[in-house]
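Engineer: This one is data_22.cif, mmCIF, C-alpha atoms.
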data_data
loop_
_atom_site.label_atom_id
_atom_site.label_comp_id
_atom_site.auth_asym_id
_atom_site.auth_seq_id
_atom_site.Cartn_x
_atom_site.Cartn_y
_atom_site.Cartn_z
CA MET A 1248 -44.11 26.41 -57.44
CA SER A 1249 -41.63 24.06 -55.74
CA ASN A 1250 -42.76 21.23 -53.49
CA SER A 1251 -39.26 20.61 -52.17
CA ALA A 1252 -38.92 20.23 -48.45
CA SER A 1253 -35.59 21.95 -48.54
CA SER A 1254 -36.78 24.92 -50.47
CA SER A 1255 -38.53 26.47 -47.52
CA THR A 1256 -37.07 24.77 -44.45
CA THR A 1257 -33.59 24.13 -43.06
CA VAL A 1258 -32.42 20.54 -43.44
CA THR A 1259 -31.44 19.03 -40.09
CA ALA A 1260 -30.29 15.63 -38.90
CA PHE A 1261 -33.80 15.04 -37.54
CA SER A 1262 -35.47 15.85 -40.86
CA ILE A 1263 -33.10 13.51 -42.71
CA VAL A 1264 -33.74 10.70 -40.21
CA ARG A 1265 -37.50 11.24 -40.36
CA THR A 1266 -37.52 11.01 -44.15
CA ALA A 1267 -35.00 8.16 -44.25
CA LEU A 1268 -36.97 5.96 -41.85
CA SER A 1269 -39.72 5.48 -44.43
CA ILE A 1270 -37.25 4.77 -47.22
CA GLY A 1271 -35.44 2.37 -44.91
CA ALA A 1272 -38.75 0.56 -44.46
CA PHE A 1273 -38.89 0.20 -48.25
CA TYR A 1274 -35.42 -1.39 -48.30
CA LEU A 1275 -36.35 -3.71 -45.44
CA THR A 1276 -39.48 -4.68 -47.36
CA GLU A 1277 -37.36 -6.13 -50.17
CA ILE A 1278 -35.41 -8.17 -47.61
CA LEU A 1279 -38.46 -9.36 -45.67
CA VAL A 1280 -40.48 -10.27 -48.77
CA GLY A 1281 -37.60 -12.49 -49.86
CA LEU A 1282 -37.43 -14.14 -46.44
CA THR A 1283 -41.19 -14.72 -46.25
CA ASP A 1284 -41.24 -16.25 -49.74
CA LEU A 1285 -38.44 -18.62 -48.78
CA ALA A 1286 -40.13 -19.50 -45.49
CA VAL A 1287 -43.48 -20.26 -47.16
CA VAL A 1288 -41.96 -22.21 -50.07
CA GLY A 1289 -39.54 -24.02 -47.76
CA ALA A 1290 -42.45 -26.03 -46.38
CA LEU A 1291 -42.74 -27.69 -49.81
CA GLY A 1292 -39.25 -29.16 -49.54
CA THR A 1293 -35.58 -28.49 -50.18
CA THR A 1294 -35.82 -28.50 -53.99
CA PRO A 1295 -38.54 -25.80 -54.22
CA LEU A 1296 -36.63 -23.75 -51.63
CA ALA A 1297 -33.41 -23.94 -53.65
CA ALA A 1298 -35.22 -23.12 -56.91
CA VAL A 1299 -36.96 -20.05 -55.49
CA GLY A 1300 -33.77 -18.89 -53.77
CA LEU A 1301 -31.82 -19.10 -57.02
CA ALA A 1302 -34.53 -17.33 -59.03
CA LYS A 1303 -34.89 -14.50 -56.50
CA THR A 1304 -31.13 -13.99 -56.30
CA ILE A 1305 -30.85 -13.58 -60.07
CA LEU A 1306 -33.94 -11.43 -60.66
CA LEU A 1307 -33.52 -9.27 -57.56
CA SER A 1308 -30.04 -8.40 -58.83
CA VAL A 1309 -31.68 -6.89 -61.91
CA MET A 1310 -34.16 -5.07 -59.67
CA VAL A 1311 -31.44 -3.58 -57.44
CA VAL A 1312 -29.49 -2.37 -60.47
CA GLY A 1313 -32.69 -0.78 -61.77
CA PHE A 1314 -33.28 0.97 -58.45
CA ALA A 1315 -29.76 2.44 -58.67
CA VAL A 1316 -30.38 3.76 -62.18
CA LEU A 1317 -33.80 5.20 -61.29
CA SER A 1318 -32.37 6.91 -58.19
CA ILE A 1319 -31.14 9.63 -60.55
CA GLY A 1320 -34.79 10.60 -60.92
CA THR A 1321 -34.72 11.77 -57.30
CA VAL A 1322 -31.91 14.16 -58.14
CA LEU A 1323 -33.73 15.61 -61.16
CA MET A 1324 -36.94 16.12 -59.18
CA ALA A 1325 -35.17 17.58 -56.14
CA GLU A 1326 -33.45 20.18 -58.31
CA ARG A 1327 -36.84 21.36 -59.53
CA SER A 1328 -39.74 19.68 -57.75
CA ASP A 1329 -42.77 21.28 -59.40
CA PRO A 1330 -45.60 18.82 -60.30
CA GLU A 1331 -44.92 19.00 -64.04
CA THR A 1332 -41.24 18.13 -63.62
CA CYS A 1333 -42.01 15.31 -61.20
CA GLY A 1334 -44.63 13.87 -63.53
CA ARG A 1335 -42.27 14.04 -66.49
CA VAL A 1336 -39.44 12.33 -64.57
CA VAL A 1337 -41.76 9.55 -63.36
CA VAL A 1338 -42.81 8.79 -66.95
CA ALA A 1339 -39.16 8.97 -68.05
CA SER A 1340 -38.18 6.57 -65.24
CA ILE A 1341 -40.74 4.02 -66.40
CA LEU A 1342 -39.45 4.40 -69.96
CA VAL A 1343 -35.88 3.74 -68.77
CA ALA A 1344 -37.05 0.72 -66.74
CA VAL A 1345 -38.64 -1.02 -69.75
CA PRO A 1346 -35.36 -2.57 -71.04
CA LEU A 1347 -34.59 -3.84 -67.53
CA VAL A 1348 -37.98 -5.54 -67.32
CA VAL A 1349 -37.47 -7.09 -70.76
CA MET A 1350 -34.04 -8.32 -69.68
CA ALA A 1351 -35.49 -9.89 -66.51
CA ILE A 1352 -38.21 -11.66 -68.51
CA CYS A 1353 -35.64 -12.95 -71.01
CA ILE A 1354 -33.45 -14.22 -68.17
CA ALA A 1355 -36.41 -15.97 -66.56
CA TRP A 1356 -37.38 -17.73 -69.78
CA GLY A 1357 -33.84 -18.36 -71.02
CA ALA A 1358 -32.38 -19.79 -67.82
CA ASN A 1359 -34.43 -22.99 -68.05
CA PRO A 1360 -32.43 -24.70 -70.84
CA ILE A 1361 -29.15 -23.39 -69.38
CA LEU A 1362 -29.87 -24.94 -65.98
CA ALA A 1363 -30.98 -28.19 -67.60
CA ALA A 1364 -27.82 -28.34 -69.73
CA SER A 1365 -25.70 -27.61 -66.65
CA GLY A 1366 -26.89 -30.78 -64.97
CA TYR A 1367 -29.38 -29.32 -62.50
CA ASP A 1368 -32.05 -31.65 -61.18
CA ALA A 1369 -35.14 -31.71 -63.43
CA ASP A 1370 -37.50 -30.95 -60.53
CA LEU A 1371 -35.42 -27.92 -59.53
CA VAL A 1372 -35.41 -26.64 -63.12
CA ALA A 1373 -39.20 -27.04 -63.31
CA ASP A 1374 -39.72 -25.17 -60.03
CA PHE A 1375 -37.30 -22.44 -61.14
CA ASP A 1376 -39.22 -22.02 -64.38
CA ALA A 1377 -42.61 -21.94 -62.63
CA TYR A 1378 -41.45 -19.25 -60.20
CA ALA A 1379 -39.11 -17.09 -62.29
CA THR A 1380 -41.35 -16.69 -65.36
CA VAL A 1381 -44.03 -15.18 -63.13
CA PHE A 1382 -41.83 -13.28 -60.67
CA ALA A 1383 -40.09 -11.38 -63.49
CA TRP A 1384 -43.33 -9.46 -64.06
CA ALA A 1385 -43.17 -8.17 -60.47
CA LEU A 1386 -40.43 -5.82 -61.63
CA VAL A 1387 -43.00 -3.71 -63.50
CA PRO A 1388 -44.89 -2.51 -60.39
CA ALA A 1389 -41.65 -2.53 -58.36
CA PHE A 1390 -40.03 0.02 -60.67
CA LEU A 1391 -43.20 2.13 -60.72
CA PHE A 1392 -43.27 2.09 -56.91
CA ALA A 1393 -39.58 3.09 -56.83
CA ALA A 1394 -40.18 6.00 -59.22
CA LEU A 1395 -43.09 7.27 -57.09
CA LYS A 1396 -41.03 6.79 -53.94
CA ASN A 1397 -38.41 9.04 -55.51
CA VAL A 1398 -41.07 11.75 -55.92
CA LEU A 1399 -41.94 11.62 -52.23
CA ASN A 1400 -38.26 11.67 -51.29
CA ALA A 1401 -37.68 14.74 -53.46
CA VAL A 1402 -40.50 16.64 -51.74
CA GLY A 1403 -39.74 15.25 -48.27
CA ARG A 1404 -43.10 13.50 -47.75
CA THR A 1405 -42.22 9.81 -47.41
CA VAL A 1406 -44.53 8.59 -44.63
CA ALA A 1407 -46.83 6.89 -47.14
CA VAL A 1408 -43.89 4.78 -48.34
CA ALA A 1409 -43.56 3.25 -44.87
CA TRP A 1410 -47.25 2.36 -44.66
CA PHE A 1411 -47.29 0.80 -48.10
CA SER A 1412 -44.09 -1.10 -47.26
CA VAL A 1413 -45.72 -2.64 -44.20
CA GLY A 1414 -48.71 -3.57 -46.33
CA ILE A 1415 -46.47 -5.23 -48.92
CA VAL A 1416 -44.80 -7.47 -46.32
CA LEU A 1417 -48.01 -8.51 -44.56
CA GLY A 1418 -49.98 -8.86 -47.78
CA ASN A 1419 -47.26 -10.90 -49.45
CA LEU A 1420 -47.03 -13.25 -46.47
CA ALA A 1421 -50.78 -13.86 -46.26
CA LEU A 1422 -51.32 -14.20 -50.00
CA SER A 1423 -48.25 -16.44 -50.44
CA ILE A 1424 -49.52 -18.89 -47.82
CA VAL A 1425 -52.89 -19.14 -49.57
CA LEU A 1426 -51.59 -19.31 -53.15
CA VAL A 1427 -48.73 -21.72 -52.36
CA HIS A 1428 -50.45 -24.14 -49.99
CA GLY A 1429 -54.08 -23.61 -50.98
CA LEU A 1430 -57.22 -23.03 -48.96
CA TRP A 1431 -59.74 -25.67 -47.87
CA ALA A 1432 -60.21 -28.07 -50.82
CA TRP A 1433 -58.02 -26.05 -53.18
CA GLU A 1434 -54.42 -27.32 -53.22
CA GLY A 1435 -52.79 -24.06 -54.29
CA LEU A 1436 -50.32 -23.23 -57.06
CA GLY A 1437 -47.11 -24.42 -55.44
CA VAL A 1438 -43.98 -22.33 -56.00
CA ALA A 1439 -45.73 -20.26 -58.69
CA GLY A 1440 -48.17 -19.08 -56.02
CA ALA A 1441 -45.40 -17.21 -54.20
CA ALA A 1442 -44.50 -15.39 -57.42
CA TRP A 1443 -48.12 -14.51 -58.19
CA ALA A 1444 -48.50 -13.18 -54.64
CA THR A 1445 -45.52 -10.87 -55.12
CA VAL A 1446 -46.83 -9.63 -58.47
CA ALA A 1447 -50.30 -8.96 -57.04
CA VAL A 1448 -49.12 -7.23 -53.86
CA ASN A 1449 -46.52 -5.10 -55.64
CA GLY A 1450 -49.11 -4.14 -58.25
CA ALA A 1451 -51.63 -3.10 -55.61
CA ALA A 1452 -48.99 -1.11 -53.71
CA ALA A 1453 -47.79 0.70 -56.85
CA LEU A 1454 -51.36 1.56 -57.85
CA GLY A 1455 -52.15 2.79 -54.34
CA LEU A 1456 -49.02 4.94 -54.17
CA LEU A 1457 -49.76 6.37 -57.63
CA ILE A 1458 -53.23 7.43 -56.47
CA HIS A 1459 -51.75 8.96 -53.30
CA VAL A 1460 -49.08 10.91 -55.17
CA GLN A 1461 -51.56 12.24 -57.72
CA ARG A 1462 -54.15 13.25 -55.12
CA SER A 1463 -51.44 14.99 -53.09
CA GLY A 1464 -50.62 17.19 -56.08
CA PHE A 1465 -46.97 16.18 -56.23
CA VAL A 1466 -47.17 15.09 -59.88
CA ARG A 1467 -49.09 16.26 -62.92
CA PHE A 1468 -49.20 14.19 -66.10
CA GLY A 1469 -51.61 16.21 -68.25
CA ALA A 1470 -49.19 18.67 -69.89
CA ILE A 1471 -46.27 16.30 -70.46
CA ARG A 1472 -44.58 16.48 -73.86
CA ALA A 1473 -42.91 13.46 -75.44
CA GLN A 1474 -39.80 15.48 -76.28
CA GLU A 1475 -39.35 16.55 -72.64
CA VAL A 1476 -39.88 12.97 -71.42
CA CYS A 1477 -37.21 11.71 -73.81
CA ARG A 1478 -34.84 14.45 -72.63
CA SER A 1479 -35.37 13.43 -68.99
CA ALA A 1480 -34.97 9.75 -69.88
CA GLY A 1481 -31.71 10.56 -71.61
CA GLU A 1482 -30.48 12.40 -68.53
CA ILE A 1483 -31.40 9.47 -66.28
CA ILE A 1484 -29.50 7.11 -68.59
CA ARG A 1485 -26.51 9.46 -68.89
CA LEU A 1486 -26.12 9.79 -65.12
CA GLY A 1487 -27.65 6.49 -64.09
CA TRP A 1488 -25.75 3.93 -66.15
CA ALA A 1489 -22.67 4.35 -63.97
CA ALA A 1490 -24.78 4.07 -60.81
CA GLY A 1491 -26.28 0.83 -62.11
CA ALA A 1492 -22.87 -0.51 -63.13
CA GLN A 1493 -21.43 0.29 -59.71
CA GLN A 1494 -24.29 -1.53 -58.00
CA ALA A 1495 -23.89 -4.55 -60.27
CA LEU A 1496 -20.13 -4.74 -59.73
CA GLU A 1497 -20.56 -4.49 -55.95
CA SER A 1498 -23.17 -7.26 -55.96
CA VAL A 1499 -20.89 -9.51 -58.03
CA LEU A 1500 -18.02 -8.79 -55.63
CA PHE A 1501 -20.01 -10.22 -52.71
CA VAL A 1502 -20.70 -13.39 -54.70
CA VAL A 1503 -17.04 -13.78 -55.70
CA VAL A 1504 -15.86 -13.26 -52.11
CA LEU A 1505 -18.21 -16.01 -50.90
CA TYR A 1506 -17.03 -18.27 -53.72
CA LEU A 1507 -13.37 -17.77 -52.78
CA LEU A 1508 -14.10 -18.32 -49.09
CA GLY A 1509 -15.83 -21.59 -49.99
CA LEU A 1510 -12.73 -22.77 -51.87
CA HIS A 1511 -10.71 -22.41 -48.67
CA SER A 1512 -13.22 -23.52 -46.04
CA VAL A 1513 -16.90 -24.38 -45.75
CA LEU A 1514 -16.88 -22.86 -42.26
CA TRP A 1515 -15.57 -19.57 -43.64
CA LEU A 1516 -18.23 -19.65 -46.35
CA ALA A 1517 -20.90 -20.02 -43.67
CA ALA A 1518 -19.34 -17.24 -41.57
CA GLY A 1519 -19.19 -14.89 -44.55
CA THR A 1520 -22.82 -15.63 -45.38
CA VAL A 1521 -23.88 -14.72 -41.83
CA VAL A 1522 -21.95 -11.43 -41.91
CA PHE A 1523 -23.40 -10.50 -45.30
CA ALA A 1524 -26.91 -11.19 -43.97
CA VAL A 1525 -26.32 -8.78 -41.08
CA MET A 1526 -24.77 -6.24 -43.46
CA GLU A 1527 -28.08 -6.11 -45.35
CA LEU A 1528 -29.48 -4.19 -42.37
CA ASN A 1529 -26.57 -1.77 -42.64
CA TYR A 1530 -27.29 -1.41 -46.36
CA ALA A 1531 -30.96 -0.64 -45.67
CA ALA A 1532 -30.13 2.10 -43.15
CA SER A 1533 -27.25 3.73 -45.03
CA GLY A 1534 -28.99 3.40 -48.39
CA ALA A 1535 -32.03 5.22 -47.01
CA VAL A 1536 -29.90 8.01 -45.55
CA GLY A 1537 -27.95 8.20 -48.81
CA GLU A 1538 -31.10 8.59 -50.92
CA VAL A 1539 -32.40 11.40 -48.73
CA LEU A 1540 -28.99 13.09 -48.67
CA ALA A 1541 -28.77 12.92 -52.48
CA ALA A 1542 -32.13 14.68 -52.80
CA ARG A 1543 -31.21 17.39 -50.29
CA LEU A 1544 -27.82 17.96 -51.92
CA ALA A 1545 -29.44 18.27 -55.35
CA ALA A 1546 -31.93 20.82 -54.03
CA ALA A 1547 -29.22 22.74 -52.17
CA ARG A 1548 -26.96 22.71 -55.22
CA ALA A 1549 -29.73 24.19 -57.35
CA ALA A 1550 -30.48 26.82 -54.70
CA GLY A 1551 -26.86 27.64 -53.81
CA GLY A 1552 -27.10 26.09 -50.33
CA ASP A 1553 -24.41 24.82 -47.95
CA LEU A 1554 -23.38 21.45 -49.39
CA ARG A 1555 -20.62 20.76 -46.89
CA ARG A 1556 -23.02 21.09 -43.97
CA LEU A 1557 -25.36 18.54 -45.55
CA LEU A 1558 -22.47 16.13 -46.11
CA ASN A 1559 -21.46 16.45 -42.46
CA ILE A 1560 -25.03 15.68 -41.38
CA GLY A 1561 -25.15 12.63 -43.67
CA VAL A 1562 -21.84 11.33 -42.34
CA GLY A 1563 -22.99 11.81 -38.76
CA VAL A 1564 -26.42 10.20 -39.17
CA SER A 1565 -25.18 7.19 -41.15
CA GLY A 1566 -22.18 6.77 -38.87
CA LEU A 1567 -24.38 6.77 -35.78
CA ALA A 1568 -26.71 4.17 -37.31
CA ALA A 1569 -23.82 1.94 -38.39
CA ALA A 1570 -22.06 2.30 -35.03
CA SER A 1571 -25.27 1.36 -33.22
CA LEU A 1572 -25.64 -1.77 -35.35
CA ALA A 1573 -21.97 -2.64 -34.83
CA LEU A 1574 -22.37 -2.21 -31.06
CA MET A 1575 -25.46 -4.43 -31.01
CA VAL A 1576 -23.67 -7.08 -33.04
CA GLY A 1577 -20.67 -6.90 -30.73
CA VAL A 1578 -22.77 -7.25 -27.58
CA PHE A 1579 -25.25 -9.82 -28.88
CA THR A 1580 -22.97 -11.78 -31.19
CA GLU A 1581 -24.06 -15.22 -29.99
CA SER A 1582 -27.73 -14.31 -30.39
CA ALA A 1583 -27.11 -13.10 -33.95
CA VAL A 1584 -25.24 -16.28 -34.82
CA ALA A 1585 -28.02 -18.39 -33.30
CA LEU A 1586 -30.46 -16.98 -35.87
CA PHE A 1587 -28.42 -18.54 -38.66
CA SER A 1588 -27.39 -21.82 -37.05
CA GLY A 1589 -29.03 -24.90 -35.64
CA ALA A 1590 -28.27 -28.04 -33.70
CA GLU A 1591 -26.36 -29.47 -36.67
CA THR A 1592 -23.92 -26.51 -36.70
CA SER A 1593 -20.57 -27.54 -35.25
CA PRO A 1594 -19.05 -25.68 -32.27
CA ASP A 1595 -16.13 -24.67 -34.49
CA GLY A 1596 -18.57 -23.21 -37.00
CA ARG A 1597 -20.39 -21.18 -34.35
CA ALA A 1598 -17.10 -19.94 -32.92
CA LEU A 1599 -15.83 -18.82 -36.33
CA MET A 1600 -19.13 -17.07 -37.15
CA SER A 1601 -18.94 -15.16 -33.86
CA GLN A 1602 -15.29 -14.27 -34.36
CA VAL A 1603 -15.71 -12.99 -37.93
CA LEU A 1604 -18.87 -11.06 -37.02
CA ARG A 1605 -17.14 -9.29 -34.11
CA TRP A 1606 -14.05 -8.58 -36.18
CA THR A 1607 -16.07 -7.14 -39.07
CA ALA A 1608 -18.51 -5.06 -36.98
CA PRO A 1609 -16.30 -1.90 -36.95
CA ILE A 1610 -16.12 -2.08 -40.77
CA PHE A 1611 -19.88 -1.45 -40.81
CA LEU A 1612 -19.01 2.23 -40.42
CA PHE A 1613 -16.94 2.34 -43.60
CA ASP A 1614 -19.47 0.22 -45.48
CA ALA A 1615 -22.20 2.70 -44.51
CA TRP A 1616 -20.10 5.71 -45.45
CA GLN A 1617 -19.12 4.39 -48.87
CA ILE A 1618 -22.81 3.84 -49.64
CA VAL A 1619 -23.77 7.31 -48.39
CA PHE A 1620 -20.94 9.03 -50.28
CA MET A 1621 -21.92 7.20 -53.46
CA HIS A 1622 -25.48 8.54 -53.16
CA ALA A 1623 -24.18 11.99 -52.21
CA LEU A 1624 -22.09 12.16 -55.37
CA ARG A 1625 -25.17 11.25 -57.41
CA GLY A 1626 -26.87 14.24 -55.81
CA LEU A 1627 -23.94 16.34 -57.01
CA ARG A 1628 -24.30 14.82 -60.51
CA ARG A 1629 -21.06 12.87 -60.25
CA THR A 1630 -21.49 9.20 -61.19
CA VAL A 1631 -18.80 8.00 -63.60
CA LEU A 1632 -15.64 8.75 -61.59
CA PRO A 1633 -17.21 7.43 -58.34
CA MET A 1634 -18.00 4.20 -60.20
CA VAL A 1635 -14.38 3.94 -61.37
CA LEU A 1636 -13.02 4.69 -57.88
CA SER A 1637 -15.32 2.25 -56.10
CA THR A 1638 -14.71 -0.49 -58.67
CA THR A 1639 -10.95 -0.04 -58.26
CA CYS A 1640 -11.28 -0.29 -54.50
CA TYR A 1641 -13.62 -3.29 -54.62
CA TRP A 1642 -11.73 -5.35 -57.15
CA ALA A 1643 -8.09 -4.16 -57.11
CA VAL A 1644 -7.69 -3.36 -53.42
CA GLY A 1645 -10.38 -5.66 -52.03
CA LEU A 1646 -10.28 -8.75 -54.21
CA GLY A 1647 -6.72 -8.32 -55.51
CA GLY A 1648 -5.34 -7.53 -52.07
CA GLY A 1649 -7.29 -10.42 -50.60
CA LEU A 1650 -5.83 -12.87 -53.11
CA VAL A 1651 -2.31 -11.60 -52.39
CA LEU A 1652 -2.82 -12.09 -48.67
CA ALA A 1653 -4.49 -15.46 -49.16
CA GLU A 1654 -2.07 -16.99 -51.66
CA LEU A 1655 1.26 -15.16 -51.52
CA ALA A 1656 1.19 -14.43 -47.78
CA GLY A 1657 -0.37 -17.80 -47.02
CA LEU A 1658 -3.23 -16.45 -44.89
CA GLY A 1659 -5.95 -18.37 -46.71
CA ALA A 1660 -9.56 -17.40 -46.04
CA PRO A 1661 -8.66 -14.73 -43.43
CA GLY A 1662 -6.62 -13.02 -46.14
CA ILE A 1663 -9.59 -12.96 -48.52
CA TRP A 1664 -11.76 -11.44 -45.79
CA THR A 1665 -9.10 -8.87 -44.81
CA GLY A 1666 -8.79 -7.75 -48.41
CA PHE A 1667 -12.58 -7.44 -48.73
CA CYS A 1668 -12.75 -5.23 -45.64
CA GLY A 1669 -9.83 -3.18 -46.92
CA GLY A 1670 -11.66 -2.62 -50.20
CA LEU A 1671 -14.75 -1.25 -48.45
CA THR A 1672 -12.61 0.97 -46.21
CA SER A 1673 -10.57 2.43 -49.07
CA ALA A 1674 -13.77 3.05 -51.07
CA ALA A 1675 -15.26 5.00 -48.17
CA ILE A 1676 -12.13 7.13 -47.79
CA LEU A 1677 -11.73 7.95 -51.49
CA LEU A 1678 -15.43 8.57 -52.15
CA GLY A 1679 -15.63 10.74 -49.04
CA ALA A 1680 -12.67 12.81 -50.16
CA MET A 1681 -14.23 13.20 -53.59
CA ALA A 1682 -17.63 14.21 -52.18
CA PHE A 1683 -16.20 16.93 -49.95
CA ASN A 1684 -13.86 18.12 -52.71
CA CYS A 1685 -16.77 18.37 -55.17
CA SER A 1686 -18.83 20.35 -52.68
CA GLU A 1687 -15.95 22.78 -52.25
CA LEU A 1688 -15.44 23.17 -56.00
CA ILE A 1689 -19.15 23.87 -56.48
CA ARG A 1690 -19.04 26.47 -53.68
CA ARG A 1691 -16.10 28.27 -55.27
CA ALA A 1692 -17.76 28.25 -58.68
CA GLU A 1693 -20.86 30.05 -57.37
#
Using structure tokens, write down the structure from this file.

Structural biologist:
Amino acid sequence: MSNSASSSTTVTAFSIVRTALSIGAFYLTEILVGLTDLAVVGALGTTPLAAVGLAKTILLSVMVVGFAVLSIGTVLMAERSDPETCGRVVVASILVAVPLVVMAICIAWGANPILAASGYDADLVADFDAYATVFAWALVPAFLFAALKNVLNAVGRTVAVAWFSVGIVLGNLALSIVLVHGLWAWEGLGVAGAAWATVAVNGAAALGLLIHVQRSGFVRFGAIRAQEVCRSAGEIIRLGWAAGAQQALESVLFVVVLYLLGLHSVLWLAAGTVVFAVMELNYAASGAVGEVLAARLAAARAAGGDLRRLLNIGVGVSGLAAASLALMVGVFTESAVALFSGAETSPDGRALMSQVLRWTAPIFLFDAWQIVFMHALRGLRRTVLPMVLSTTCYWAVGLGGGLVLAELAGLGAPGIWTGFCGGLTSAAILLGAMAFNCSELIRRAE
């Protein structure tokens, strides 16, 4: 018997929004946990803050790539969402995640001598080591939570994800304060306390969600065969490696763009950082809609449903969310900039931040759509060509075009930024065309 929400009910914009809100809360949790860790550790000084920030940036990159790979599990479970299939895919997802966890642990332990040899301050290296070697273990419960979240997305019952996400943020904040700064006579663990708090809270959340999913009858582990688990793991790897590669290449692009902006102007580097921080909200909203859309497309594809209608709904919902964020940014630009600046920020810096934020706000639409179309194509079991298309747009059109405008046309930093925006826009257009074309080809083949 299928648990799928789309197997017995018509998918609407409201049902997608309702399901996506909880998944959006999960994405926001990752952002807020990072901010709370930095805020708590920042009270210890600049060096601990820098060490934790560097460690989180590196290890969270591994986590985000893992989430992209494991998102294929949603597709497999949405196509056939009986408890046995869901249980098998969850186990397969954990199996696939093991190498990623091992890689994160190796990075955490191996970065210490590299940082020391690179001339980093000894105190920063020590704080990095104390935090990273513990935080790497947080990926274990994080990947389990993501796999279970995929189950609830496949069956359209994601409310529990929102509640657990709220608990993660509040629990991490409270426990970090105690473990970092101590309580009464106890002096605390310093930067390592923030990492232990994340491990403990993520572990408790993953265990709680596992109990909820099992008691709800969405998964069944008793009759799972090793051969079937390996087959599902192979399918996740076959479809998911390209999704992970695409996510990694996009993340690196953002770093390279900031690096190039910094070569031209510190003010432009600061402005780009502010815009990227705001774009994380756009990523949370569009990523949530994209995950839900991928599940509904997979279920509809298996049942012979109307794929084009679902794509139109996804475009409309994500576009409305992105347009709303862009409008808010355009109206309250100075307030947004004030969150990332202080008394020491120069008037020229504030003015440039406001100008770049306003200029980039309309691009939020295309950024949202390229994310949604990428997820949609995963739901249609298309991952390799979308990765090639998006990478071409990011690096050839975006970065290459930006360098041409910056160096050959003499535009400098504005040229880099224009190329970056052009890369996102072209990716949205090409991925959108591919998604709608694939849906039409599937319809004709039925």

Engineer: Written as a VMD selection string, which residues does the PyMOL selection byres ((chain A and resi 1546) around 12) give for the file shown?

Structural biologist: chain A and resid 1249 to 1258 1321 to 1328 1400 to 1403 1539 to 1545 1547 to 1554 1557 1623 1626 to 1628

Engineer: Would you mind telling me which residue in A:Gly1659, A:Gly1357, A:Gly1561, A:Gly1519 lies nearest to Ala1532 (chain A) when using only C-alpha atoms?

Structural biologist: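 For Ala1532 (chain A), the nearest of the candidates is A:Gly1561.
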
Engineer: Taking 3 positions as the minimum chain separation for residues in the same chain, which residues sit within 10 Å of Val1584 (chain A) when counting all atoms listed in the file? Answer as a PyMOL selection string.

Structural biologist: chain A and resi 1518+1521-1522+1525+1576+1579-1581+1587-1589+1596-1601+1604

Engineer: Interatomic distance between CA of Gly1566 (chain A) and CA of Phe1261 (chain A)?

Structural biologist: 14.3 Å

Engineer: Counting all atoms listed in the file, which residue out of A:Ala1297, A:Val1264, A:Ala1339, A:Ala1290 sits closest to Arg1472 (chain A)?

Structural biologist: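 So, comparing all the options, the nearest one is A:Ala1339.
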
Engineer: List the residues selected by the PyMOL selection byres ((chain A and resi 1615-1621) around 9) in the file shown, writing them as a ChimeraX atom specification.

Structural biologist: /A:1490,1529-1530,1532-1538,1540-1541,1558,1561-1562,1565-1566,1568-1569,1610-1614,1622-1626,1629-1630,1633-1634,1637,1671-1679,1681-1682

Engineer: Under the rule of at most 12 Å, produce a per-residue listing of region 1444-1536 of chain A near region 1424-1439 of chain A: chain, number, name, the closest pair of atoms, and the distance in Å, as a Markdown table, using all atoms listed in the file.

Structural biologist:
| residue | atom | partner | partner_atom | distance |
| --- | --- | --- | --- | --- |
| A:Ala1444 | CA | A:Leu1426 | CA | 7.0 |
| A:Thr1445 | CA | A:Ala1439 | CA | 10.0 |
| A:Val1446 | CA | A:Ala1439 | CA | 10.7 |
| A:Ala1447 | CA | A:Leu1426 | CA | 11.1 |

Engineer: Smallest atom-to-atom distance to Ala1272 (chain A): which of A:Ser1308, A:Ser1365, A:Thr1405, A:Gln1602, using only C-alpha atoms?

Structural biologist: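 Of A:Ser1308, A:Ser1365, A:Thr1405, A:Gln1602, the one nearest Ala1272 (chain A) is A:Thr1405, counting only C-alpha atoms.
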
Engineer: I'd like to know which of A:Ala1358, A:His1511, A:Gly1440, A:Ala1585 is closest to Glu1654 (chain A), using all atoms listed in the file.

Structural biologist: A:His1511

Engineer: Please tell me which residues are no farther than 12 Å from (-38.6, -29.4, -60.7) in the file, counting only C-alpha atoms, and write them as JSON, numbers by chain.

Structural biologist: {"A": [1291, 1292, 1293, 1294, 1295, 1296, 1297, 1298, 1299, 1359, 1362, 1363, 1367, 1368, 1369, 1370, 1371, 1372, 1373, 1374, 1375, 1376, 1377, 1378, 1437, 1438, 1439]}

Engineer: Padding 4 Å on each side, edges along x, y and z: where is the centre of the box around the listed atoms of region 1438-1449 of chain A, and how long are its edges in Å to one decimal? Output it as JSON.

Structural biologist:
{"center_x": -47.1, "center_y": -13.7, "center_z": -56.3, "size_x": 14.3, "size_y": 25.2, "size_z": 12.8}

Engineer: What is the distance, in Å and to one decimal place, between CA of Ile1319 (chain A) and CA of Lys1303 (chain A)?

Structural biologist: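 The value is 24.8 Å.
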
Engineer: Point out the residue among A:Pro1594, A:Gly1645, A:Gly1577, A:Gly1320 with the least atom-to-atom distance to Ala1608 (chain A), counting only C-alpha atoms.

Structural biologist: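 Selected residue with least distance to Ala1608 (chain A): A:Gly1577.
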
Engineer: Would you list the residues near (-32.8, -1.0, -59.9), meaning any protein, DNA or RNA residue with an atom at most 12 Å from that point in file coordinates, counting only C-alpha atoms, as a PyMOL selection string?

Structural biologist: chain A and resi 1274+1277+1306-1320+1340-1341+1343-1348+1351+1386-1387+1389-1394+1487-1488+1490-1495
